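Asker: structure_36.txt is reproduced below (compact mmCIF, C-alpha atoms).
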# COMPACT_ATOMS: atom_id res chain seq x y z
CA MET Q 1 32.25 66.04 93.01
CA LYS Q 2 35.44 64.16 93.89
CA GLU Q 3 33.67 60.84 93.29
CA LYS Q 4 32.53 61.96 89.82
CA LYS Q 5 36.04 63.14 88.98
CA ALA Q 6 37.53 59.83 90.16
CA LYS Q 7 34.97 57.90 88.11
CA PHE Q 8 35.78 59.97 85.02
CA LEU Q 9 39.53 59.34 85.46
CA ARG Q 10 38.91 55.61 85.82
CA THR Q 11 36.89 55.70 82.60
CA ILE Q 12 39.67 57.43 80.68
CA LYS Q 13 42.27 55.04 82.12
CA ASN Q 14 40.32 52.01 80.87
CA PHE Q 15 40.31 53.31 77.29
CA GLY Q 16 43.34 52.24 75.30
CA PRO Q 17 43.68 48.78 73.69
CA GLY Q 18 40.58 49.22 71.52
CA MET Q 19 41.59 52.69 70.36
CA VAL Q 20 45.19 51.69 69.59
CA THR Q 21 44.08 48.53 67.77
CA GLY Q 22 41.60 50.57 65.74
CA ALA Q 23 44.29 53.09 64.78
CA ALA Q 24 46.71 50.30 63.82
CA ASP Q 25 44.03 48.81 61.54
CA ASP Q 26 44.34 51.75 59.12
CA ASP Q 27 47.86 50.62 58.21
CA PRO Q 28 49.50 51.12 54.79
CA SER Q 29 47.80 47.92 53.59
CA GLY Q 30 44.43 49.39 54.53
CA VAL Q 31 45.12 52.79 52.95
CA ALA Q 32 46.32 51.13 49.73
CA THR Q 33 43.41 48.68 49.54
CA TYR Q 34 40.80 51.38 50.13
CA THR Q 35 42.49 53.63 47.55
CA ILE Q 36 42.54 50.83 44.97
CA ALA Q 37 38.86 50.10 45.66
CA GLY Q 38 37.88 53.73 45.08
CA ALA Q 39 40.09 54.20 42.03
CA LEU Q 40 39.02 50.98 40.33
CA TYR Q 41 35.33 50.77 41.23
CA GLY Q 42 34.41 54.31 42.25
CA TYR Q 43 31.74 54.49 44.96
CA LYS Q 44 30.55 50.90 44.44
CA PHE Q 45 32.07 49.40 47.61
CA LEU Q 46 31.42 52.23 50.08
CA TRP Q 47 28.78 50.07 51.75
CA THR Q 48 31.49 47.70 52.99
CA SER Q 49 32.62 50.25 55.59
CA TRP Q 50 29.24 50.06 57.34
CA LEU Q 51 29.31 46.26 57.16
CA THR Q 52 32.85 45.88 58.50
CA TRP Q 53 32.36 48.15 61.52
CA PRO Q 54 30.02 45.87 63.55
CA LEU Q 55 31.81 42.76 62.28
CA MET Q 56 35.25 44.08 63.24
CA ALA Q 57 33.97 45.34 66.60
CA CYS Q 58 32.38 42.03 67.59
CA VAL Q 59 35.52 40.03 66.69
CA GLN Q 60 37.72 42.39 68.74
CA MET Q 61 35.25 42.18 71.63
CA MET Q 62 35.34 38.39 71.44
CA CYS Q 63 39.16 38.37 71.62
CA ALA Q 64 39.12 40.89 74.48
CA ASP Q 65 36.52 38.83 76.37
CA ILE Q 66 38.55 35.62 75.95
CA ALA Q 67 41.64 37.33 77.40
CA LEU Q 68 39.76 39.05 80.24
CA ALA Q 69 37.81 35.95 81.23
CA SER Q 70 40.61 33.38 80.91
CA GLU Q 71 43.43 35.76 81.92
CA LYS Q 72 45.47 34.08 79.18
CA SER Q 73 46.65 35.07 75.72
CA LEU Q 74 44.79 33.91 72.63
CA THR Q 75 47.62 31.49 71.82
CA GLU Q 76 47.48 29.97 75.31
CA THR Q 77 43.73 29.44 75.06
CA LEU Q 78 44.10 27.86 71.60
CA ILE Q 79 46.72 25.48 73.02
CA GLN Q 80 44.49 24.65 76.00
CA LYS Q 81 41.53 23.98 73.70
CA TYR Q 82 43.17 22.21 70.76
CA SER Q 83 46.67 21.11 71.95
CA ARG Q 84 50.03 22.59 71.08
CA SER Q 85 50.48 20.51 67.91
CA LEU Q 86 47.18 21.73 66.44
CA ALA Q 87 47.78 25.36 67.47
CA ALA Q 88 51.26 25.41 65.88
CA PRO Q 89 50.07 25.52 62.21
CA VAL Q 90 47.75 28.43 63.07
CA ILE Q 91 50.60 30.36 64.69
CA PHE Q 92 52.88 29.58 61.74
CA ALA Q 93 50.21 30.85 59.33
CA LEU Q 94 49.86 34.02 61.43
CA PHE Q 95 53.63 34.56 61.45
CA THR Q 96 53.76 34.09 57.65
CA ALA Q 97 50.82 36.41 56.95
CA ASN Q 98 52.14 39.09 59.32
CA THR Q 99 55.65 38.93 57.83
CA LEU Q 100 54.22 39.37 54.32
CA ASN Q 101 52.15 42.30 55.60
CA VAL Q 102 55.21 43.88 57.25
CA ALA Q 103 57.20 43.45 54.03
CA ALA Q 104 54.46 45.22 52.09
CA ASP Q 105 54.15 47.99 54.69
CA LEU Q 106 57.93 48.61 54.70
CA SER Q 107 57.92 48.66 50.90
CA ALA Q 108 55.15 51.26 50.80
CA MET Q 109 56.87 53.46 53.39
CA ALA Q 110 60.22 53.26 51.57
CA ASP Q 111 58.54 53.86 48.21
CA ALA Q 112 56.82 57.01 49.47
CA LEU Q 113 60.06 58.38 50.96
CA ALA Q 114 62.03 57.54 47.80
CA ILE Q 115 59.55 59.32 45.51
CA LEU Q 116 59.43 62.33 47.85
CA THR Q 117 63.22 62.72 48.22
CA GLY Q 118 64.62 61.13 45.07
CA HIS Q 119 66.91 58.79 47.03
CA PRO Q 120 66.97 54.98 46.55
CA SER Q 121 64.09 53.17 48.25
CA LEU Q 122 66.46 50.42 49.49
CA LEU Q 123 68.14 52.98 51.74
CA TYR Q 124 64.84 53.92 53.38
CA LEU Q 125 63.75 50.29 53.53
CA ILE Q 126 66.75 49.28 55.65
CA LEU Q 127 66.67 52.51 57.70
CA THR Q 128 62.97 52.19 58.47
CA GLY Q 129 63.36 48.53 59.39
CA ILE Q 130 66.22 49.31 61.80
CA ILE Q 131 64.37 52.24 63.42
CA VAL Q 132 61.16 50.26 63.96
CA THR Q 133 63.02 47.22 65.33
CA ALA Q 134 65.15 49.34 67.67
CA SER Q 135 62.11 51.23 68.95
CA MET Q 136 60.37 47.95 69.83
CA ILE Q 137 63.42 46.71 71.73
CA PHE Q 138 64.31 49.91 73.60
CA PHE Q 139 60.90 51.52 74.13
CA THR Q 140 57.58 50.20 75.41
CA TYR Q 141 54.81 49.94 72.85
CA ARG Q 142 52.64 52.25 74.95
CA THR Q 143 55.26 54.99 74.50
CA ILE Q 144 55.46 54.33 70.77
CA ALA Q 145 51.70 54.26 70.37
CA ARG Q 146 51.12 57.47 72.31
CA THR Q 147 53.64 59.25 70.08
CA LEU Q 148 52.74 57.81 66.71
CA THR Q 149 48.96 57.79 67.12
CA TRP Q 150 49.13 61.56 66.58
CA LEU Q 151 50.65 60.98 63.13
CA THR Q 152 47.57 59.01 62.13
CA PHE Q 153 45.63 62.28 62.29
CA PHE Q 154 47.14 63.02 58.89
CA LEU Q 155 44.60 60.49 57.60
CA LEU Q 156 41.97 63.16 58.32
CA ALA Q 157 43.24 64.75 55.10
CA TYR Q 158 41.09 62.18 53.30
CA VAL Q 159 38.01 63.43 55.18
CA PHE Q 160 38.60 67.05 54.13
CA THR Q 161 39.55 66.06 50.56
CA ALA Q 162 36.34 64.04 50.20
CA MET Q 163 34.40 67.21 51.06
CA LYS Q 164 36.29 69.13 48.39
CA VAL Q 165 36.26 66.74 45.41
CA GLU Q 166 33.48 66.97 42.86
CA THR Q 167 31.18 64.22 44.11
CA ASN Q 168 28.51 62.32 42.19
CA TRP Q 169 26.03 62.36 45.06
CA GLU Q 170 23.64 59.90 43.43
CA GLN Q 171 26.43 57.34 43.03
CA LEU Q 172 27.72 58.12 46.54
CA ILE Q 173 24.36 57.42 48.17
CA LYS Q 174 23.84 54.31 46.05
CA GLY Q 175 27.35 53.03 46.83
CA SER Q 176 26.91 53.74 50.55
CA PHE Q 177 23.59 52.01 51.12
CA TYR Q 178 22.80 49.79 48.14
CA PHE Q 179 24.35 46.33 48.25
CA ARG Q 180 25.16 44.92 44.83
CA PRO Q 181 26.66 41.40 44.72
CA PRO Q 182 30.10 41.23 43.09
CA GLU Q 183 29.88 40.27 39.43
CA SER Q 184 33.35 38.85 38.81
CA SER Q 185 36.29 37.13 40.47
CA ALA Q 186 38.11 40.48 40.59
CA GLU Q 187 35.23 42.07 42.51
CA TRP Q 188 35.07 39.13 44.92
CA SER Q 189 38.83 39.51 45.43
CA MET Q 190 38.25 43.16 46.30
CA ILE Q 191 35.65 42.17 48.89
CA VAL Q 192 38.05 39.63 50.41
CA ALA Q 193 40.82 42.26 50.49
CA LEU Q 194 38.55 44.89 52.10
CA LEU Q 195 37.38 42.41 54.74
CA GLY Q 196 40.91 41.06 55.28
CA THR Q 197 42.60 44.40 55.74
CA THR Q 198 39.88 45.53 58.17
CA ILE Q 199 39.32 42.28 60.10
CA SER Q 200 42.96 41.15 60.23
CA PRO Q 201 44.24 38.12 62.19
CA TYR Q 202 47.05 40.06 63.86
CA LEU Q 203 44.48 42.34 65.51
CA PHE Q 204 42.90 39.32 67.25
CA PHE Q 205 46.17 38.40 68.95
CA TRP Q 206 47.16 42.00 69.61
CA GLN Q 207 43.85 42.83 71.28
CA SER Q 208 44.18 39.85 73.64
CA SER Q 209 47.84 40.57 74.44
CA GLN Q 210 47.05 44.20 75.25
CA GLU Q 211 44.24 43.11 77.56
CA LEU Q 212 46.74 40.94 79.44
CA GLU Q 213 49.16 43.87 79.71
CA GLU Q 214 46.33 45.92 81.21
CA LEU Q 215 45.51 43.12 83.66
CA ARG Q 216 49.12 42.84 84.81
CA THR Q 217 49.44 46.57 85.46
CA ASN Q 218 45.99 47.04 87.01
CA LYS Q 219 46.13 45.85 90.62
CA ASN Q 220 42.48 46.75 91.25
CA PHE Q 221 41.14 44.74 88.33
CA ASP Q 222 37.36 44.49 88.24
CA TYR Q 223 36.19 42.13 85.45
CA ALA Q 224 32.70 43.60 85.03
CA ASN Q 225 33.94 47.20 85.14
CA VAL Q 226 36.79 46.68 82.67
CA LYS Q 227 34.58 44.68 80.32
CA ARG Q 228 31.97 47.44 80.24
CA PHE Q 229 34.52 50.13 79.45
CA ARG Q 230 36.30 47.92 76.93
CA LYS Q 231 33.08 47.60 74.94
CA TRP Q 232 32.95 51.36 74.38
CA ASP Q 233 36.71 51.51 73.82
CA ILE Q 234 36.46 48.93 71.01
CA LEU Q 235 33.29 50.39 69.52
CA LEU Q 236 34.86 53.84 69.30
CA GLY Q 237 38.22 52.59 67.98
CA THR Q 238 36.64 50.42 65.27
CA PHE Q 239 34.15 53.14 64.32
CA ILE Q 240 36.94 55.66 63.71
CA SER Q 241 38.88 53.05 61.74
CA ASN Q 242 35.94 52.28 59.44
CA LEU Q 243 34.99 55.94 59.10
CA ILE Q 244 38.49 56.66 57.75
CA MET Q 245 38.03 53.68 55.40
CA TYR Q 246 34.79 55.25 54.09
CA PHE Q 247 36.43 58.60 53.37
CA ILE Q 248 39.51 57.08 51.71
CA ILE Q 249 37.27 55.18 49.25
CA TRP Q 250 35.17 58.32 48.71
CA THR Q 251 38.27 60.46 48.09
CA ALA Q 252 39.79 57.96 45.64
CA ALA Q 253 36.49 57.62 43.80
CA GLY Q 254 36.00 61.37 43.47
CA SER Q 255 39.59 62.30 42.61
CA LEU Q 256 41.08 59.25 40.85
CA HIS Q 257 38.23 57.21 39.37
CA ALA Q 258 36.34 60.31 38.25
CA ASN Q 259 39.42 61.46 36.30
CA GLY Q 260 40.06 58.13 34.60
CA ILE Q 261 42.83 56.94 36.95
CA PHE Q 262 41.84 53.35 37.64
CA ASN Q 263 45.15 51.61 38.37
CA VAL Q 264 47.28 52.66 41.34
CA GLU Q 265 50.82 51.31 41.00
CA ASN Q 266 52.94 53.42 43.38
CA SER Q 267 52.81 55.96 46.19
CA ALA Q 268 52.90 58.95 43.86
CA GLN Q 269 49.70 57.78 42.16
CA ALA Q 270 48.06 56.96 45.50
CA ALA Q 271 48.96 60.44 46.80
CA ARG Q 272 47.17 62.05 43.83
CA ALA Q 273 43.91 61.30 45.61
CA LEU Q 274 44.75 64.18 47.97
CA GLU Q 275 45.63 66.71 45.26
CA PRO Q 276 42.20 68.42 45.18
CA LEU Q 277 42.82 69.64 48.74
CA LEU Q 278 46.60 69.80 49.09
CA GLY Q 279 47.97 70.30 45.57
CA HIS Q 280 51.74 69.76 45.44
CA ALA Q 281 51.81 69.07 49.18
CA SER Q 282 49.72 65.91 48.70
CA LEU Q 283 52.77 63.63 48.44
CA VAL Q 284 54.27 65.13 51.59
CA VAL Q 285 51.10 64.62 53.65
CA TYR Q 286 50.57 61.15 52.17
CA THR Q 287 54.14 60.16 53.06
CA ILE Q 288 53.84 61.45 56.65
CA GLY Q 289 50.53 59.62 57.05
CA ILE Q 290 51.92 56.36 55.63
CA LEU Q 291 54.96 56.61 57.90
CA GLY Q 292 52.76 57.26 60.94
CA VAL Q 293 50.32 54.41 60.38
CA GLY Q 294 53.13 52.12 59.21
CA MET Q 295 55.27 52.66 62.30
CA LEU Q 296 52.18 52.20 64.47
CA ALA Q 297 51.04 49.04 62.66
CA ILE Q 298 54.37 47.25 62.12
CA PRO Q 299 55.10 46.80 65.86
CA THR Q 300 51.54 45.47 66.14
CA LEU Q 301 52.10 43.03 63.29
CA VAL Q 302 55.54 41.81 64.35
CA GLY Q 303 54.69 41.99 68.03
CA SER Q 304 51.48 39.94 67.74
CA SER Q 305 53.13 37.11 65.78
CA SER Q 306 56.22 37.12 68.04
CA LEU Q 307 54.02 37.03 71.14
CA ALA Q 308 52.08 34.12 69.64
CA VAL Q 309 55.28 32.20 68.86
CA ALA Q 310 56.63 32.92 72.35
CA ASP Q 311 53.43 31.65 73.98
CA LEU Q 312 53.57 28.57 71.76
CA PHE Q 313 57.06 27.68 73.06
CA ARG Q 314 56.43 29.05 76.59
CA TRP Q 315 59.07 31.77 76.28
CA GLN Q 316 59.14 34.94 78.34
CA SER Q 317 57.60 37.67 76.20
CA GLY Q 318 56.26 41.21 76.12
CA LEU Q 319 57.22 44.51 74.51
CA ASN Q 320 57.52 45.96 78.01
CA LYS Q 321 60.32 43.54 78.90
CA LYS Q 322 64.02 44.21 78.38
CA TRP Q 323 66.13 42.23 75.91
CA ASN Q 324 67.83 40.10 78.58
CA GLU Q 325 64.42 39.22 80.07
CA ALA Q 326 62.95 37.89 76.80
CA GLN Q 327 65.79 37.10 74.39
CA ALA Q 328 63.94 34.39 72.44
CA PHE Q 329 60.91 36.66 71.98
CA TYR Q 330 62.98 39.58 70.69
CA SER Q 331 65.03 37.23 68.48
CA THR Q 332 61.78 36.05 66.85
CA LEU Q 333 60.78 39.69 66.40
CA CYS Q 334 64.10 40.51 64.72
CA LEU Q 335 63.81 37.41 62.53
CA GLY Q 336 60.40 38.53 61.27
CA MET Q 337 61.74 42.00 60.45
CA CYS Q 338 64.80 40.56 58.67
CA ILE Q 339 62.65 38.26 56.53
CA ALA Q 340 60.37 41.20 55.67
CA ILE Q 341 63.36 43.29 54.56
CA ILE Q 342 64.82 40.41 52.51
CA LEU Q 343 61.49 39.87 50.76
CA ASN Q 344 61.68 43.46 49.55
CA LEU Q 345 64.91 42.71 47.69
CA PHE Q 346 62.72 40.94 45.12
CA GLN Q 347 61.41 44.44 44.23
CA PHE Q 348 57.71 43.68 44.07
CA ASN Q 349 55.14 46.39 43.40
CA PRO Q 350 54.52 48.00 46.83
CA ILE Q 351 50.87 48.95 46.29
CA LYS Q 352 49.93 45.59 44.78
CA ALA Q 353 51.82 43.82 47.57
CA LEU Q 354 49.71 45.67 50.15
CA PHE Q 355 46.56 44.59 48.32
CA TYR Q 356 47.57 40.93 48.13
CA SER Q 357 48.60 40.88 51.79
CA ALA Q 358 45.03 41.99 52.55
CA ILE Q 359 43.72 39.00 50.57
CA VAL Q 360 45.94 36.62 52.59
CA ASN Q 361 44.48 38.10 55.78
CA GLY Q 362 40.98 37.69 54.34
CA LEU Q 363 41.55 33.97 53.85
CA LEU Q 364 43.08 33.37 57.29
CA SER Q 365 40.67 35.43 59.40
CA PRO Q 366 37.50 33.28 59.11
CA VAL Q 367 39.43 30.17 60.20
CA LEU Q 368 40.72 31.97 63.28
CA ILE Q 369 37.28 33.38 64.09
CA VAL Q 370 35.77 29.89 64.10
CA LEU Q 371 38.56 28.60 66.36
CA CYS Q 372 38.07 31.53 68.75
CA LEU Q 373 34.31 30.98 68.84
CA LEU Q 374 34.85 27.39 69.93
CA VAL Q 375 37.27 28.61 72.62
CA SER Q 376 34.70 31.12 73.87
CA ARG Q 377 32.17 28.31 74.38
CA ASP Q 378 34.51 26.38 76.69
CA SER Q 379 33.38 27.14 80.25
CA ASN Q 380 36.67 25.89 81.75
CA ILE Q 381 38.75 28.31 79.68
CA MET Q 382 36.30 31.17 80.16
CA LYS Q 383 35.96 30.47 83.92
CA ASN Q 384 32.17 30.51 83.63
CA ARG Q 385 32.22 33.98 82.09
CA PRO Q 386 30.46 33.19 78.80
CA LEU Q 387 30.72 35.31 75.68
CA GLY Q 388 27.59 37.42 75.15
CA LYS Q 389 25.10 35.95 72.66
CA PRO Q 390 24.98 39.08 70.42
CA THR Q 391 28.79 39.06 70.17
CA ALA Q 392 28.89 35.33 69.43
CA LEU Q 393 26.16 35.67 66.80
CA LEU Q 394 27.88 38.57 65.04
CA ALA Q 395 31.24 36.79 65.15
CA SER Q 396 29.62 33.73 63.54
CA LEU Q 397 28.12 35.98 60.88
CA THR Q 398 31.55 37.53 60.28
CA ALA Q 399 33.14 34.13 59.69
CA LEU Q 400 30.29 33.18 57.32
CA VAL Q 401 30.56 36.41 55.31
CA MET Q 402 34.33 36.06 54.97
CA LEU Q 403 34.12 32.36 54.01
CA CYS Q 404 31.46 33.09 51.35
CA SER Q 405 33.58 35.91 49.95
CA ALA Q 406 36.60 33.59 49.72
CA VAL Q 407 34.52 30.95 47.95
CA GLY Q 408 33.18 33.60 45.54
CA MET Q 409 36.73 34.69 44.72
CA PHE Q 410 37.73 31.16 43.68
CA LEU Q 411 34.50 30.12 41.94
CA PHE Q 412 33.64 33.15 39.79
Take the structure from the file and write it as structure tokens.

Answerer:
Amino acid sequence: MKEKKAKFLRTIKNFGPGMVTGAADDDPSGVATYTIAGALYGYKFLWTSWLTWPLMACVQMMCADIALASEKSLTETLIQKYSRSLAAPVIFALFTANTLNVAADLSAMADALAILTGHPSLLYLILTGIIVTASMIFFTYRTIARTLTWLTFFLLAYVFTAMKVETNWEQLIKGSFYFRPPESSAEWSMIVALLGTTISPYLFFWQSSQELEELRTNKNFDYANVKRFRKWDILLGTFISNLIMYFIIWTAAGSLHANGIFNVENSAQAARALEPLLGHASLVVYTIGILGVGMLAIPTLVGSSSLAVADLFRWQSGLNKKWNEAQAFYSTLCLGMCIAIILNLFQFNPIKALFYSAIVNGLLSPVLIVLCLLVSRDSNIMKNRPLGKPTALLASLTALVMLCSAVGMFLF
């Protein structure tokens, strides 16, 4: 009995990075992109949620395997494989894409608070930026994640709303299981955005960095044991992430598209998707949900790019370190946040910004996947712990699908 209990506790302890990464994937960019997809095209792109689950899971498994096998971060393995000068442009592109994503996330959070309270969004923009930055400096990410992951449960409102809206079941079934090729550049752009916001570059680096944190704190590390548990951790985390994606598109299709609301321009319009269930409280619940997923995702975004930059320049890094132990790392983190806040002074449309940041991620991801696949085939880096063939095959398919979607967006 004691042995079974100990085994169960070990199982629970090994769950974490995959679940947190999956929760962070449903960030404001994801919520906005899925809402736009449902409002603009109805149930047409529901099938993408079933496609992105195995693709997202295999990419996260690949990044986890690289970190577990090499006992190095993704940046360090890229440098070892391609040299520092060739890895630098990739890290710069990641930092740029993440900063744009953070700017869009902050804008959406401030926009929701401003509409809810009637106060200027600039006030909430600066306040939110300061709170998130301070929390990353003074608290460990594990503490932040454990607290804020509970706020992501507000996204379950989309599940219950989907059950309540008047649903065209024929269109729902067709949209869920019948693949129809995009017919225009706009539809290809939507596919790129859906893939990009779900299979985002920052998640690759974050997954690997979290695996290293686990390795450093686990004195009794067993590669085979951790790898087995991590598989289920990632599968469950990515499944929940894509299930929420499915219900957000369904909710938007049934409540917005069905009522002739095709363009979503701000948080108030996005929140209307929840009105069938929550009525006047829809904006409140939407705002709490956006704040929760935003404050969970922004440390992931800024942290992953700052960790990558730190590894590039061989700086001390880690969200579990104090300021005086990793000054250059935290300075890079603060720089990213400051740039994101400054970008918001240009007053771009928050919902559209979230959508376009997803497209940027969709263009960068396939390049990174190919680079990671080549790393995973290097026996010296992987210490003769090769990536599983099914994972490698699915990751290759993911890169191909994302590349074809990007080509379709530019050619049609």

Asker: Please return as a short mmCIF file (atom, residue, chain, number, x, y, z; two decimals) with C-alpha atoms, in the coordinates of the input every residue within 10 Å of (34.5, 43.5, 63.3), taking into account all atoms listed in the file and the file's own coordinates.

Answerer:
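Result written to part_11.cif:
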data_model
loop_
_atom_site.label_atom_id
_atom_site.label_comp_id
_atom_site.auth_asym_id
_atom_site.auth_seq_id
_atom_site.Cartn_x
_atom_site.Cartn_y
_atom_site.Cartn_z
CA LEU Q 51 29.31 46.26 57.16
CA THR Q 52 32.85 45.88 58.50
CA TRP Q 53 32.36 48.15 61.52
CA PRO Q 54 30.02 45.87 63.55
CA LEU Q 55 31.81 42.76 62.28
CA MET Q 56 35.25 44.08 63.24
CA ALA Q 57 33.97 45.34 66.60
CA CYS Q 58 32.38 42.03 67.59
CA VAL Q 59 35.52 40.03 66.69
CA GLN Q 60 37.72 42.39 68.74
CA MET Q 61 35.25 42.18 71.63
CA MET Q 62 35.34 38.39 71.44
CA LEU Q 195 37.38 42.41 54.74
CA THR Q 198 39.88 45.53 58.17
CA ILE Q 199 39.32 42.28 60.10
CA SER Q 200 42.96 41.15 60.23
CA ILE Q 234 36.46 48.93 71.01
CA LEU Q 235 33.29 50.39 69.52
CA THR Q 238 36.64 50.42 65.27
CA PHE Q 239 34.15 53.14 64.32
CA ASN Q 242 35.94 52.28 59.44
CA THR Q 391 28.79 39.06 70.17
CA LEU Q 394 27.88 38.57 65.04
CA ALA Q 395 31.24 36.79 65.15
CA THR Q 398 31.55 37.53 60.28
#

Asker: With all atoms listed in the file as the basis for distance, which of Q:Ser331, Q:Thr33, Q:Ser107, Q:Thr161 is at the shortest distance from Ser121 in chain Q?

Answerer: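 Nearest candidate to Ser121 in chain Q out of Q:Ser331, Q:Thr33, Q:Ser107, Q:Thr161: Q:Ser107.
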
Asker: Let me make sure I understand: among Q:Leu125, Q:Met382, Q:Leu371, Q:Val159, which one has the smallest atom-to-atom distance to Ala273 in chain Q if we use all atoms listed in the file?

Answerer: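 Checking each candidate against Ala273 in chain Q, we get Q:Val159 as the closest.
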
Asker: Between Q:Leu203, Q:Ala252, Q:Ala104, Q:Ala88, which has the minimum distance to Lys44 in chain Q (counting only C-alpha atoms)?

Answerer: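 For Lys44 in chain Q, the nearest of the given residues is Q:Ala252.
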
Asker: So, with only C-alpha atoms as the atoms that count, which of Q:Phe329, Q:Trp250, Q:Phe262, Q:Phe346 lies closest to Leu40 in chain Q?

Answerer: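 Looking only at the distances to Leu40 in chain Q, the closest residue turns out to be Q:Phe262.
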
Asker: Which residue is closest to Leu345 in chain Q? Choose from Q:Leu106, Q:Ile79, Q:Ala37, Q:Val31 and count all atoms listed in the file.

Answerer: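 Going through Q:Leu106, Q:Ile79, Q:Ala37, Q:Val31 one by one, the smallest distance to Leu345 in chain Q is for Q:Leu106.
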